[in-house]
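Undergrad: Pasting a structure here, questions to come.
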Amino acid sequence: MVIGTFFEYKILMKIFFAFLVVCLIGYILYRTIPGKSDETNKVKTVYFYPKANVYYQVGTGKYIFFDEEGKAWKLTKNFSEEQKLSLGEKAVIENPPSPVWKNNAEDRLIYSANLYSSPADIKEKFQSDSINSLPPKPVVRRDSTIAKPPQEEQKPKSGLRKFLDKLFGGKDKQVDSKN
């Protein structure tokens, strides 16, 4: 018994293929069109001002700062010219974490040291740290009670050996080469 004809099978294959194409197009559109939740993720570059502890999102033009009164991070586009001038030097952070202030303690430490120290300060610190990392020198005591390393004990020479040393000058005597 035949379940269907060849034409019914062909129509089902076309419907299945069309369904796959629609699903593929839907998936591509879903992945490429950013939604509202992706607004913070599209920020790829942030300027950090360690002196003022302020972040500036380049893509959105928003400033993020810590509000001491509210004890929370705040986001604003409105910074006065006076505030902008008091920010100090900036450091560029590529691909920051979400939220941007997640690593604030490390950012302040790293970028403050990089921006506000001179190369001479860094070189001096490197040299002092290098010297301090060496193991301490061993203390050498000059004490007479310490045994000296053992020397080869000279064996008493036999009679024949004494005779040959006297006859040929022996190893202990240095030959004067100026003769």
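In the structure tokens, each chain is lettered A, B, ... as it comes, each chain's residues begin at 1, and ligands are numbered from 1 in order of appearance.
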Which segment 11-65 of chain A residues have any atom within 8 Å of an atom of segment 86-110 of chain A, and for each, what is the nearest pair of atoms with distance in Å to one decimal, counting only C-alpha atoms, rows sorted by chain and number, as JSON lines?

TA:
{"residue": "A:Thr40", "atom": "CA", "partner": "A:Ser98", "partner_atom": "CA", "distance": 7.6}
{"residue": "A:Asn41", "atom": "CA", "partner": "A:Ser98", "partner_atom": "CA", "distance": 7.2}
{"residue": "A:Val43", "atom": "CA", "partner": "A:Asn95", "partner_atom": "CA", "distance": 7.4}
{"residue": "A:Lys44", "atom": "CA", "partner": "A:Asn95", "partner_atom": "CA", "distance": 4.7}
{"residue": "A:Thr45", "atom": "CA", "partner": "A:Glu94", "partner_atom": "CA", "distance": 4.8}
{"residue": "A:Val46", "atom": "CA", "partner": "A:Ile93", "partner_atom": "CA", "distance": 5.2}
{"residue": "A:Tyr47", "atom": "CA", "partner": "A:Val92", "partner_atom": "CA", "distance": 4.7}
{"residue": "A:Phe48", "atom": "CA", "partner": "A:Ala91", "partner_atom": "CA", "distance": 5.1}
{"residue": "A:Tyr49", "atom": "CA", "partner": "A:Lys90", "partner_atom": "CA", "distance": 4.7}
{"residue": "A:Pro50", "atom": "CA", "partner": "A:Arg108", "partner_atom": "CA", "distance": 5.4}
{"residue": "A:Lys51", "atom": "CA", "partner": "A:Gly88", "partner_atom": "CA", "distance": 6.0}
{"residue": "A:Ala52", "atom": "CA", "partner": "A:Leu87", "partner_atom": "CA", "distance": 5.3}
{"residue": "A:Asn53", "atom": "CA", "partner": "A:Arg108", "partner_atom": "CA", "distance": 7.2}
{"residue": "A:Val54", "atom": "CA", "partner": "A:Leu87", "partner_atom": "CA", "distance": 7.6}
{"residue": "A:Tyr55", "atom": "CA", "partner": "A:Val100", "partner_atom": "CA", "distance": 7.7}

Undergrad: Write a file of the just-selected residues containing N, CA, C and O atoms, as a PDB file, in the first residue's frame.

TA:
ATOM      1  N   THR A  40      24.086  48.452  26.555  1.00  0.00           N
ATOM      2  CA  THR A  40      25.297  48.562  27.358  1.00  0.00           C
ATOM      3  C   THR A  40      26.404  47.668  26.827  1.00  0.00           C
ATOM      4  O   THR A  40      27.572  47.956  27.026  1.00  0.00           O
ATOM      5  N   ASN A  41      26.069  46.594  26.141  1.00  0.00           N
ATOM      6  CA  ASN A  41      27.086  45.681  25.626  1.00  0.00           C
ATOM      7  C   ASN A  41      27.773  46.203  24.375  1.00  0.00           C
ATOM      8  O   ASN A  41      28.829  45.717  24.021  1.00  0.00           O
ATOM      9  N   VAL A  43      29.119  49.071  23.964  1.00  0.00           N
ATOM     10  CA  VAL A  43      30.197  49.989  24.312  1.00  0.00           C
ATOM     11  C   VAL A  43      31.508  49.205  24.277  1.00  0.00           C
ATOM     12  O   VAL A  43      31.705  48.274  25.039  1.00  0.00           O
ATOM     13  N   LYS A  44      32.365  49.580  23.356  1.00  0.00           N
ATOM     14  CA  LYS A  44      33.629  48.871  23.186  1.00  0.00           C
ATOM     15  C   LYS A  44      34.808  49.631  23.772  1.00  0.00           C
ATOM     16  O   LYS A  44      35.840  49.048  24.029  1.00  0.00           O
ATOM     17  N   THR A  45      34.668  50.937  23.958  1.00  0.00           N
ATOM     18  CA  THR A  45      35.753  51.751  24.486  1.00  0.00           C
ATOM     19  C   THR A  45      35.223  52.662  25.582  1.00  0.00           C
ATOM     20  O   THR A  45      34.172  53.284  25.427  1.00  0.00           O
ATOM     21  N   VAL A  46      35.976  52.725  26.666  1.00  0.00           N
ATOM     22  CA  VAL A  46      35.622  53.573  27.800  1.00  0.00           C
ATOM     23  C   VAL A  46      36.866  54.344  28.198  1.00  0.00           C
ATOM     24  O   VAL A  46      37.971  53.799  28.210  1.00  0.00           O
ATOM     25  N   TYR A  47      36.691  55.622  28.493  1.00  0.00           N
ATOM     26  CA  TYR A  47      37.779  56.410  29.063  1.00  0.00           C
ATOM     27  C   TYR A  47      37.593  56.393  30.569  1.00  0.00           C
ATOM     28  O   TYR A  47      36.492  56.579  31.072  1.00  0.00           O
ATOM     29  N   PHE A  48      38.702  56.183  31.280  1.00  0.00           N
ATOM     30  CA  PHE A  48      38.655  56.195  32.736  1.00  0.00           C
ATOM     31  C   PHE A  48      39.535  57.326  33.238  1.00  0.00           C
ATOM     32  O   PHE A  48      40.679  57.465  32.819  1.00  0.00           O
ATOM     33  N   TYR A  49      38.982  58.139  34.106  1.00  0.00           N
ATOM     34  CA  TYR A  49      39.704  59.256  34.712  1.00  0.00           C
ATOM     35  C   TYR A  49      39.962  58.892  36.168  1.00  0.00           C
ATOM     36  O   TYR A  49      39.092  59.064  37.025  1.00  0.00           O
ATOM     37  N   PRO A  50      41.154  58.368  36.502  1.00  0.00           N
ATOM     38  CA  PRO A  50      41.409  57.882  37.865  1.00  0.00           C
ATOM     39  C   PRO A  50      41.424  58.981  38.923  1.00  0.00           C
ATOM     40  O   PRO A  50      41.045  58.731  40.067  1.00  0.00           O
ATOM     41  N   LYS A  51      41.830  60.184  38.552  1.00  0.00           N
ATOM     42  CA  LYS A  51      41.875  61.269  39.535  1.00  0.00           C
ATOM     43  C   LYS A  51      40.473  61.579  40.058  1.00  0.00           C
ATOM     44  O   LYS A  51      40.270  61.767  41.252  1.00  0.00           O
ATOM     45  N   ALA A  52      39.486  61.593  39.164  1.00  0.00           N
ATOM     46  CA  ALA A  52      38.102  61.890  39.544  1.00  0.00           C
ATOM     47  C   ALA A  52      37.271  60.626  39.756  1.00  0.00           C
ATOM     48  O   ALA A  52      36.133  60.714  40.212  1.00  0.00           O
ATOM     49  N   ASN A  53      37.821  59.462  39.419  1.00  0.00           N
ATOM     50  CA  ASN A  53      37.109  58.185  39.505  1.00  0.00           C
ATOM     51  C   ASN A  53      35.822  58.218  38.683  1.00  0.00           C
ATOM     52  O   ASN A  53      34.734  57.918  39.169  1.00  0.00           O
ATOM     53  N   VAL A  54      35.973  58.596  37.408  1.00  0.00           N
ATOM     54  CA  VAL A  54      34.838  58.734  36.490  1.00  0.00           C
ATOM     55  C   VAL A  54      35.131  57.935  35.220  1.00  0.00           C
ATOM     56  O   VAL A  54      36.256  57.949  34.715  1.00  0.00           O
ATOM     57  N   TYR A  55      34.106  57.248  34.733  1.00  0.00           N
ATOM     58  CA  TYR A  55      34.182  56.541  33.456  1.00  0.00           C
ATOM     59  C   TYR A  55      33.382  57.332  32.426  1.00  0.00           C
ATOM     60  O   TYR A  55      32.348  57.911  32.748  1.00  0.00           O
TER      61      TYR A  55
END

Undergrad: For the atom pair atom CA of Tyr30 of chain A and atom CA of Gly59 of chain A, what is the interatomic distance in Å to one decimal place?

TA: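 Computing the Euclidean distance for atom CA of Tyr30 of chain A and atom CA of Gly59 of chain A yields 22.2 Å.
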
Undergrad: Check the DSSP output for the backbone and give back, as number ranges by chain, the residues of segment 70-141 of chain A in helix (DSSP H, G or I).

TA: A: 81-85, 100-116, 119-133

Undergrad: Let's have the selection written as a compact mmCIF listing (two decimals), in the first residue's frame, with N, CA and C atoms.

TA:
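Here's the written file selection-v7.txt:
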# COMPACT_ATOMS: atom_id res chain seq x y z
N GLU A 81 31.30 72.10 32.04
CA GLU A 81 32.66 72.30 31.54
C GLU A 81 33.67 72.28 32.69
N GLU A 82 33.29 72.83 33.82
CA GLU A 82 34.17 72.83 34.99
C GLU A 82 34.45 71.40 35.44
N GLN A 83 33.43 70.56 35.46
CA GLN A 83 33.62 69.16 35.84
C GLN A 83 34.50 68.44 34.83
N LYS A 84 34.29 68.72 33.56
CA LYS A 84 35.10 68.08 32.53
C LYS A 84 36.57 68.47 32.64
N LEU A 85 36.84 69.74 32.99
CA LEU A 85 38.22 70.19 33.12
C LEU A 85 38.90 69.61 34.35
N VAL A 100 30.65 48.61 33.84
CA VAL A 100 31.97 49.20 33.63
C VAL A 100 32.75 49.33 34.94
N TRP A 101 32.09 49.62 36.01
CA TRP A 101 32.75 49.87 37.30
C TRP A 101 33.02 48.58 38.06
N LYS A 102 32.82 47.45 37.47
CA LYS A 102 32.99 46.16 38.15
C LYS A 102 34.41 46.03 38.72
N ASN A 103 35.41 46.47 37.99
CA ASN A 103 36.81 46.36 38.42
C ASN A 103 37.37 47.72 38.83
N ASN A 104 36.56 48.53 39.49
CA ASN A 104 36.97 49.90 39.81
C ASN A 104 38.21 49.96 40.69
N ALA A 105 38.31 49.11 41.70
CA ALA A 105 39.47 49.15 42.59
C ALA A 105 40.77 48.87 41.81
N GLU A 106 40.74 47.87 40.94
CA GLU A 106 41.92 47.56 40.15
C GLU A 106 42.21 48.66 39.13
N ASP A 107 41.15 49.20 38.52
CA ASP A 107 41.33 50.29 37.55
C ASP A 107 42.01 51.49 38.20
N ARG A 108 41.55 51.86 39.37
CA ARG A 108 42.15 53.02 40.05
C ARG A 108 43.62 52.78 40.36
N LEU A 109 43.93 51.60 40.82
CA LEU A 109 45.31 51.28 41.18
C LEU A 109 46.21 51.26 39.94
N ILE A 110 45.79 50.56 38.92
CA ILE A 110 46.63 50.39 37.73
C ILE A 110 46.79 51.70 36.96
N TYR A 111 45.67 52.35 36.66
CA TYR A 111 45.75 53.53 35.80
C TYR A 111 46.28 54.76 36.53
N SER A 112 46.11 54.84 37.83
CA SER A 112 46.71 55.95 38.58
C SER A 112 48.22 55.84 38.53
N ALA A 113 48.73 54.64 38.72
CA ALA A 113 50.17 54.44 38.70
C ALA A 113 50.73 54.72 37.31
N ASN A 114 50.02 54.29 36.28
CA ASN A 114 50.50 54.50 34.91
C ASN A 114 50.49 55.96 34.50
N LEU A 115 49.45 56.70 34.90
CA LEU A 115 49.31 58.08 34.43
C LEU A 115 50.09 59.10 35.26
N TYR A 116 50.19 58.85 36.56
CA TYR A 116 50.74 59.88 37.42
C TYR A 116 52.13 59.58 37.97
N PRO A 119 58.54 57.87 34.21
CA PRO A 119 59.33 56.68 33.89
C PRO A 119 60.52 56.48 34.83
N ALA A 120 61.07 57.57 35.34
CA ALA A 120 62.19 57.45 36.29
C ALA A 120 61.72 56.80 37.59
N ASP A 121 60.49 57.15 38.05
CA ASP A 121 59.95 56.53 39.26
C ASP A 121 59.76 55.03 39.06
N ILE A 122 59.25 54.67 37.91
CA ILE A 122 59.00 53.25 37.63
C ILE A 122 60.32 52.49 37.55
N LYS A 123 61.35 53.09 36.92
CA LYS A 123 62.66 52.44 36.80
C LYS A 123 63.28 52.27 38.18
N GLU A 124 63.19 53.30 39.02
CA GLU A 124 63.74 53.22 40.37
C GLU A 124 63.04 52.14 41.19
N LYS A 125 61.73 52.08 41.08
CA LYS A 125 60.96 51.06 41.80
C LYS A 125 61.32 49.67 41.31
N PHE A 126 61.49 49.51 40.00
CA PHE A 126 61.87 48.22 39.43
C PHE A 126 63.22 47.77 39.96
N GLN A 127 64.18 48.70 40.02
CA GLN A 127 65.51 48.35 40.49
C GLN A 127 65.49 47.98 41.97
N SER A 128 64.77 48.75 42.78
CA SER A 128 64.72 48.44 44.21
C SER A 128 64.00 47.11 44.45
N ASP A 129 62.93 46.84 43.69
CA ASP A 129 62.23 45.57 43.84
C ASP A 129 63.11 44.41 43.39
N SER A 130 63.90 44.63 42.34
CA SER A 130 64.79 43.57 41.85
C SER A 130 65.85 43.24 42.89
N ILE A 131 66.41 44.26 43.50
CA ILE A 131 67.45 44.03 44.51
C ILE A 131 66.84 43.36 45.74
N ASN A 132 65.65 43.80 46.13
CA ASN A 132 65.00 43.22 47.31
C ASN A 132 64.54 41.79 47.08
N SER A 133 64.36 41.39 45.83
CA SER A 133 63.90 40.03 45.55
C SER A 133 65.04 39.01 45.56

Undergrad: What is the atom CA of Asn78 of chain A-atom CA of Gln57 of chain A distance in Å, reported with one decimal?

TA: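 Between atom CA of Asn78 of chain A and atom CA of Gln57 of chain A the gap is 13.0 Å.
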
Undergrad: Determine which residues of segment 6-175 of chain A receive a DSSP assignment of strand (DSSP E or B), computed from the backbone, and state them as JSON, numbers by chain.

TA: {"A": [45, 46, 47, 48, 49, 54, 55, 56, 57, 62, 63, 64, 65, 66, 67, 72, 73, 74, 75, 76, 91, 92, 93, 94]}

Undergrad: Could you take the residues named above and write them with N, CA, C and O atoms, as a short mmCIF file (atom, residue, chain, number, x, y, z; two decimals), in the first residue's frame?

TA:
data_model
loop_
_atom_site.label_atom_id
_atom_site.label_comp_id
_atom_site.auth_asym_id
_atom_site.auth_seq_id
_atom_site.Cartn_x
_atom_site.Cartn_y
_atom_site.Cartn_z
N THR A 45 34.67 50.94 23.96
CA THR A 45 35.75 51.75 24.49
C THR A 45 35.22 52.66 25.58
O THR A 45 34.17 53.28 25.43
N VAL A 46 35.98 52.72 26.67
CA VAL A 46 35.62 53.57 27.80
C VAL A 46 36.87 54.34 28.20
O VAL A 46 37.97 53.80 28.21
N TYR A 47 36.69 55.62 28.49
CA TYR A 47 37.78 56.41 29.06
C TYR A 47 37.59 56.39 30.57
O TYR A 47 36.49 56.58 31.07
N PHE A 48 38.70 56.18 31.28
CA PHE A 48 38.65 56.19 32.74
C PHE A 48 39.53 57.33 33.24
O PHE A 48 40.68 57.47 32.82
N TYR A 49 38.98 58.14 34.11
CA TYR A 49 39.70 59.26 34.71
C TYR A 49 39.96 58.89 36.17
O TYR A 49 39.09 59.06 37.02
N VAL A 54 35.97 58.60 37.41
CA VAL A 54 34.84 58.73 36.49
C VAL A 54 35.13 57.93 35.22
O VAL A 54 36.26 57.95 34.71
N TYR A 55 34.11 57.25 34.73
CA TYR A 55 34.18 56.54 33.46
C TYR A 55 33.38 57.33 32.43
O TYR A 55 32.35 57.91 32.75
N TYR A 56 33.87 57.34 31.17
CA TYR A 56 33.15 57.98 30.08
C TYR A 56 32.99 56.96 28.96
O TYR A 56 33.97 56.45 28.42
N GLN A 57 31.73 56.65 28.61
CA GLN A 57 31.46 55.70 27.54
C GLN A 57 31.51 56.46 26.21
O GLN A 57 30.69 57.33 25.96
N LYS A 62 28.04 59.03 27.68
CA LYS A 62 27.57 59.13 29.06
C LYS A 62 28.73 59.00 30.04
O LYS A 62 29.69 58.26 29.80
N TYR A 63 28.62 59.73 31.15
CA TYR A 63 29.59 59.67 32.23
C TYR A 63 29.03 58.80 33.34
O TYR A 63 27.85 58.88 33.67
N ILE A 64 29.88 57.98 33.93
CA ILE A 64 29.50 57.13 35.05
C ILE A 64 30.40 57.51 36.21
O ILE A 64 31.63 57.48 36.10
N PHE A 65 29.79 57.86 37.34
CA PHE A 65 30.57 58.27 38.51
C PHE A 65 29.92 57.71 39.77
O PHE A 65 28.75 57.35 39.78
N PHE A 66 30.70 57.67 40.84
CA PHE A 66 30.20 57.15 42.11
C PHE A 66 29.67 58.31 42.93
O PHE A 66 30.38 59.27 43.22
N ASP A 67 28.40 58.22 43.30
CA ASP A 67 27.76 59.25 44.11
C ASP A 67 27.97 58.91 45.59
O ASP A 67 27.46 57.89 46.08
N ALA A 72 26.06 54.92 45.36
CA ALA A 72 25.75 54.12 44.17
C ALA A 72 26.39 54.77 42.94
O ALA A 72 26.73 55.95 42.96
N TRP A 73 26.54 53.99 41.90
CA TRP A 73 27.06 54.50 40.64
C TRP A 73 25.93 55.15 39.87
O TRP A 73 24.84 54.60 39.78
N LYS A 74 26.20 56.33 39.30
CA LYS A 74 25.19 57.06 38.54
C LYS A 74 25.67 57.29 37.12
O LYS A 74 26.86 57.42 36.87
N LEU A 75 24.71 57.40 36.22
CA LEU A 75 24.96 57.58 34.80
C LEU A 75 24.34 58.90 34.37
O LEU A 75 23.19 59.17 34.68
N THR A 76 25.12 59.75 33.69
CA THR A 76 24.60 61.03 33.24
C THR A 76 25.30 61.48 31.96
O THR A 76 26.44 61.09 31.71
N ALA A 91 42.64 57.31 30.79
CA ALA A 91 43.19 56.04 30.33
C ALA A 91 42.12 55.36 29.49
O ALA A 91 40.94 55.44 29.81
N VAL A 92 42.53 54.72 28.42
CA VAL A 92 41.58 54.06 27.52
C VAL A 92 41.44 52.60 27.94
O VAL A 92 42.43 51.89 28.09
N ILE A 93 40.21 52.17 28.14
CA ILE A 93 39.92 50.77 28.47
C ILE A 93 39.15 50.18 27.30
O ILE A 93 38.03 50.60 27.01
N GLU A 94 39.76 49.23 26.63
CA GLU A 94 39.12 48.54 25.51
C GLU A 94 38.33 47.35 26.04
O GLU A 94 38.80 46.64 26.91
#

Undergrad: Could you state the separation of atom CA of Thr60 of chain A and atom CA of Lys77 of chain A in Å, given to one decimal place?

TA: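 Separation of atom CA of Thr60 of chain A and atom CA of Lys77 of chain A: 8.7 Å.
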